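S.K.: Below are the structure tokens for one structure; questions will follow.
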Amino acid sequence: MDIRDLLGEVAKTYNKAAGTARGVPAQDLLRAVGRDHELPLPSGFVARGYGGQGNATSTPWVGVFDPDVSEDPKQGLYLAYLFSAELSAVTLTLQQGMTLLEERFQAKRDLCAHLRDRARVLRGALPERLATGWRQPLALGASGWRPVTYEAGSVVARRYEIADMPREEELRDDLSQAASLLQRAATAERLWWLEGRGREMELEYPSDRHVGSVSLDGFRPKDSSDYIANIAARQQIKKRSHEALIAAFGQYVADRGYVPTTVGVHPKDLVLHRATAGAGREEWLVEAKVVAKGNPTSAVRGAVGQLLEYRHFLYRERDMPLPRLLGLFTEDIGVYASYLEDHDIASVWQAQDGQGWDGSAGAVASGLVGVGR
């Protein structure tokens, strides 16, 4: 489904008074986004529509998410097509998830002030050449607290009048630009954390959910079920599908003479060291990615970007010995294995039968896996 057609149909048919039940045309359309209606999104992105839960919202919206940044509108950064209350306009905005902040800021004015301050800092981190034309305020024309927090949480935005919608090609180009702005802003957030300017995330693992081996004291991966994250003295439940990948590989590579570590290495997914005393302290920096729908392109790009970013800021800028780099994937990445090797990045992936591990030539030579190509 084209972006233009979707936005126009929602604006034409949405009726807050009709509620959210099945059979309400606009609500059914929004629920079908990303399921029955696939949009032309940037590679690796996913979309979902929102018309309210229980009560219909006055400002329906379609979220566009980069899974490497956040798939949850309650937290992190994401893109959204937010409709104005009178449905005469829709704005593509880079939004901050705020639901999980509500426990921290009991007063809505304090929450909005926090969101506006953070939005201002994020805007300042965006290259001017990319942000030109995106510094429009978000104006939804609604008085409820949720639309007001959306307005406060908007980092950058571009407004479209429904009566004068751009061509589909222009909408797709704008979405591609917004995706780049989202990834730049997410990188800025990570770097602030690394420099100690962000709020530190501390992970607390339920005692019955992590590996308890004496030889793996520093390896406590979350499983693929919920884990608890304490952020600024509040707890939130999160799901991370790639945790199962990290847990399985950590156990496997420990049997091959490596010590896997996940404790105290955030934001890194995993680091490895040789277990033998004479092997020195050469470190492997591991970035884990889930390959979506059999297409490794986005996963490989994400792994390369984060591995190089972390190597630069966590090692080179701190005058620490540079690590060796490893991309860890849920399935075979095909021709990208040799591409990564050309950039001195080894790769490992789960075997097709799900029972073992294969890898690139560099991974085999280093003893990370026994089978490769």
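Residues in the structure tokens are numbered from 1 in each chain, the chains being A, B, ... in the order shown, and ligands are numbered from 1 in the order shown.
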Hey, what's within 12 Å of Ile162 of chain A if we count only C-alpha atoms and toss same-chain stuff fewer than 6 positions away? As a PyMOL selection string, please?
M.R.: chain A and resi 4-12+83-84+86-91
S.K.: Identify, on the basis of only C-alpha atoms, every residue whose closest approach to Val286 of chain A does not exceed 8 Å; exclude the query and any residue fewer than 4 positions from it along the same chain; express the result as a PDB file with N, CA and C atoms, in the first residue's frame.
M.R.:
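For reference, around_13.pdb as written:
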ATOM      1  N   LYS A 268      27.667  -2.655  24.630  1.00  0.00           N
ATOM      2  CA  LYS A 268      28.078  -3.775  23.786  1.00  0.00           C
ATOM      3  C   LYS A 268      27.182  -4.977  24.051  1.00  0.00           C
ATOM      4  N   ASP A 269      26.915  -5.766  23.014  1.00  0.00           N
ATOM      5  CA  ASP A 269      26.121  -6.980  23.200  1.00  0.00           C
ATOM      6  C   ASP A 269      26.908  -8.030  23.979  1.00  0.00           C
ATOM      7  N   LEU A 270      28.173  -8.209  23.602  1.00  0.00           N
ATOM      8  CA  LEU A 270      28.955  -9.326  24.128  1.00  0.00           C
ATOM      9  C   LEU A 270      30.423  -9.083  23.815  1.00  0.00           C
ATOM     10  N   VAL A 271      31.328  -9.474  24.727  1.00  0.00           N
ATOM     11  CA  VAL A 271      32.753  -9.487  24.438  1.00  0.00           C
ATOM     12  C   VAL A 271      33.292 -10.879  24.758  1.00  0.00           C
ATOM     13  N   LEU A 272      34.348 -11.249  24.058  1.00  0.00           N
ATOM     14  CA  LEU A 272      34.964 -12.564  24.230  1.00  0.00           C
ATOM     15  C   LEU A 272      36.448 -12.411  24.497  1.00  0.00           C
ATOM     16  N   LEU A 307      29.583  -1.901  15.204  1.00  0.00           N
ATOM     17  CA  LEU A 307      30.921  -2.391  15.520  1.00  0.00           C
ATOM     18  C   LEU A 307      31.968  -1.303  15.315  1.00  0.00           C
ATOM     19  N   LEU A 325      36.665  -7.818  15.591  1.00  0.00           N
ATOM     20  CA  LEU A 325      35.241  -7.578  15.410  1.00  0.00           C
ATOM     21  C   LEU A 325      34.527  -8.829  14.907  1.00  0.00           C
ATOM     22  N   LEU A 326      33.344  -9.067  15.463  1.00  0.00           N
ATOM     23  CA  LEU A 326      32.559 -10.237  15.085  1.00  0.00           C
ATOM     24  C   LEU A 326      31.088  -9.864  14.971  1.00  0.00           C
ATOM     25  N   GLY A 327      30.489 -10.179  13.818  1.00  0.00           N
ATOM     26  CA  GLY A 327      29.048 -10.055  13.637  1.00  0.00           C
ATOM     27  C   GLY A 327      28.394 -11.400  13.893  1.00  0.00           C
ATOM     28  N   LEU A 328      27.360 -11.411  14.713  1.00  0.00           N
ATOM     29  CA  LEU A 328      26.662 -12.637  15.100  1.00  0.00           C
ATOM     30  C   LEU A 328      25.234 -12.558  14.576  1.00  0.00           C
TER      31      LEU A 328
END
S.K.: Set the distance at 8 Å and use only C-alpha atoms: which residues neighbour Val155 of chain A once local chain neighbours fewer than 6 positions away are removed? I'd like the list as an NGL selection string.
M.R.: :A and (93-96 or 119-120 or 122-123)
S.K.: Please produce a file of the residues just selected, as a tab-separated table (two decimals), in the first residue's frame, where the atoms kept are C-alpha atoms.
M.R.:
chain	number	residue	atom	x	y	z
A	93	THR	CA	7.77	13.46	13.29
A	94	LEU	CA	10.79	12.00	15.04
A	95	GLN	CA	9.27	11.14	18.40
A	96	GLN	CA	10.54	10.28	21.86
A	119	ALA	CA	14.32	17.26	21.99
A	120	ARG	CA	16.35	20.48	21.90
A	122	LEU	CA	18.82	15.94	20.05
A	123	ARG	CA	18.07	18.59	17.42
S.K.: Skipping near chain neighbours, those fewer than 4 positions away, what residues fall within 12 Å of Gly124 of chain A using only C-alpha atoms, listed as a list in words?
M.R.: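 The neighbour list is Asp117, Arg118, Ala119, Arg120, Glu128, Leu130, Ala131, Arg135, Val155, Val156, Leu181, Arg184, Ala185, Ala188 and Glu189 of chain A.
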S.K.: If I take atom CA of Pro147 of chain A and atom CA of Glu38 of chain A, how far is one from the other in Å, to one decimal?
M.R.: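 About the pair atom CA of Pro147 of chain A and atom CA of Glu38 of chain A: they are 26.4 Å apart.
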S.K.: My list of candidates is A:Glu161, A:Glu309, A:Asp28, A:Asp319. Which is closest to Tyr14 of chain A when distances are computed with only C-alpha atoms?
M.R.: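 Comparing A:Glu161, A:Glu309, A:Asp28, A:Asp319 against Tyr14 of chain A, the winner is A:Asp28.
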S.K.: Let's see if you can do this: from backbone DSSP, list all alpha helix (DSSP H) residues in segment 86-208 of chain A, as a ChimeraX atom specification.
M.R.: /A:108-124,128-131,145-153,168-194
S.K.: Calculate how many Å separate atom CA of Gln53 of chain A from atom CA of Asp36 of chain A, rounding to one decimal.
M.R.: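 Interatomic distance, atom CA of Gln53 of chain A to atom CA of Asp36 of chain A: 19.8 Å.
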S.K.: Using only C-alpha atoms, which protein or nucleic acid residues come within 10 Å of Asp2 of chain A? Drop anything in the same chain fewer than 6 positions from it, and give the result as a ChimeraX atom specification.
M.R.: /A:37-41,168-169,171-172
S.K.: As a short mmCIF file (atom, residue, chain, number, x, y, z; two decimals) with N, CA and C atoms, in the first residue's frame, please: the residues near Tyr315 of chain A (cut-off 12 Å, only C-alpha atoms, same-chain neighbours under 4 positions excluded).
M.R.:
data_model
loop_
_atom_site.label_atom_id
_atom_site.label_comp_id
_atom_site.auth_asym_id
_atom_site.auth_seq_id
_atom_site.Cartn_x
_atom_site.Cartn_y
_atom_site.Cartn_z
N LEU A 194 27.86 6.86 26.46
CA LEU A 194 29.25 6.41 26.57
C LEU A 194 30.12 7.46 27.26
N LYS A 268 27.67 -2.65 24.63
CA LYS A 268 28.08 -3.78 23.79
C LYS A 268 27.18 -4.98 24.05
N GLU A 283 40.72 -9.08 22.76
CA GLU A 283 39.27 -9.01 22.97
C GLU A 283 38.53 -9.05 21.65
N TRP A 284 37.44 -9.78 21.65
CA TRP A 284 36.51 -9.77 20.52
C TRP A 284 35.29 -8.95 20.92
N LEU A 285 34.94 -8.01 20.07
CA LEU A 285 33.73 -7.21 20.25
C LEU A 285 32.65 -7.81 19.35
N LEU A 307 29.58 -1.90 15.20
CA LEU A 307 30.92 -2.39 15.52
C LEU A 307 31.97 -1.30 15.31
N LEU A 308 31.90 -0.59 14.20
CA LEU A 308 32.88 0.47 13.93
C LEU A 308 32.71 1.64 14.90
N GLU A 309 31.45 1.96 15.20
CA GLU A 309 31.19 3.06 16.14
C GLU A 309 31.75 2.74 17.53
N TYR A 310 31.46 1.55 18.02
CA TYR A 310 31.92 1.17 19.36
C TYR A 310 33.44 1.03 19.40
N ARG A 311 34.02 0.48 18.34
CA ARG A 311 35.48 0.36 18.32
C ARG A 311 36.13 1.74 18.41
N ASP A 319 42.26 5.19 23.99
CA ASP A 319 43.63 4.65 23.92
C ASP A 319 43.71 3.22 24.46
N MET A 320 42.69 2.44 24.16
CA MET A 320 42.68 1.04 24.55
C MET A 320 43.01 0.18 23.34
N PRO A 321 43.59 -1.02 23.56
CA PRO A 321 43.88 -1.91 22.43
C PRO A 321 42.62 -2.18 21.63
N LEU A 322 42.75 -2.10 20.32
CA LEU A 322 41.58 -2.29 19.48
C LEU A 322 41.14 -3.75 19.49
N PRO A 323 39.84 -4.00 19.57
CA PRO A 323 39.35 -5.37 19.58
C PRO A 323 39.24 -5.94 18.17
N ARG A 324 39.13 -7.24 18.09
CA ARG A 324 38.73 -7.87 16.84
C ARG A 324 37.21 -7.83 16.78
#
S.K.: Work out how far atom CA of Phe313 of chain A is from atom CA of Ala363 of chain A, in Å to one decimal.
M.R.: 24.1 Å
S.K.: Find the spatial neighbours of Ala80 of chain A, counting only C-alpha atoms, within a cut-off of 6 Å - ignore same-chain residues fewer than 3 positions away - and output them as a list of chain:residue names.
M.R.: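 The filter keeps A:Val62, A:Gly63, A:Val64, A:Leu92, A:Thr93.
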S.K.: Pick the closest to Leu175 of chain A from A:Gly51, A:Pro42, A:Gly97, A:Pro296: which is it, counting only C-alpha atoms?
M.R.: A:Pro42
S.K.: Could you pull out the strand (DSSP E) residues of segment 82-133 of chain A from DSSP and send them as a ChimeraX atom specification?
M.R.: /A:82-83,89-96
S.K.: Just write the chosen residues, C-alpha atoms, as a CSV table (one decimal), in the first residue's frame.
M.R.:
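The file below, out.csv, is the result:
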chain,number,residue,atom,x,y,z
A,82,LEU,CA,0.6,11.9,13.5
A,83,PHE,CA,-2.8,13.3,12.4
A,89,ALA,CA,-3.1,17.6,8.3
A,90,VAL,CA,-0.6,14.8,9.1
A,91,THR,CA,2.9,15.3,10.4
A,92,LEU,CA,5.9,13.0,10.0
A,93,THR,CA,7.8,13.5,13.3
A,94,LEU,CA,10.8,12.0,15.0
A,95,GLN,CA,9.3,11.1,18.4
A,96,GLN,CA,10.5,10.3,21.9
S.K.: My list of candidates is A:Val300, A:Leu314, A:Ala248, A:Val148. Which is closest to His266 of chain A when distances are computed with only C-alpha atoms?
M.R.: A:Leu314
S.K.: Could the residues of segment 234-320 of chain A that have an atom at most 10 Å from segment 339-344 of chain A be listed as a Markdown table, each with its closest atom pair and the distance in Å to one decimal, counting only C-alpha atoms and ordered by chain and ascending residue number?
M.R.:
| residue | atom | partner | partner_atom | distance |
| --- | --- | --- | --- | --- |
| A:Val300 | CA | A:Leu340 | CA | 8.4 |
| A:Arg301 | CA | A:Leu340 | CA | 9.9 |
| A:Ala303 | CA | A:Leu340 | CA | 9.9 |
| A:Val304 | CA | A:Leu340 | CA | 8.0 |
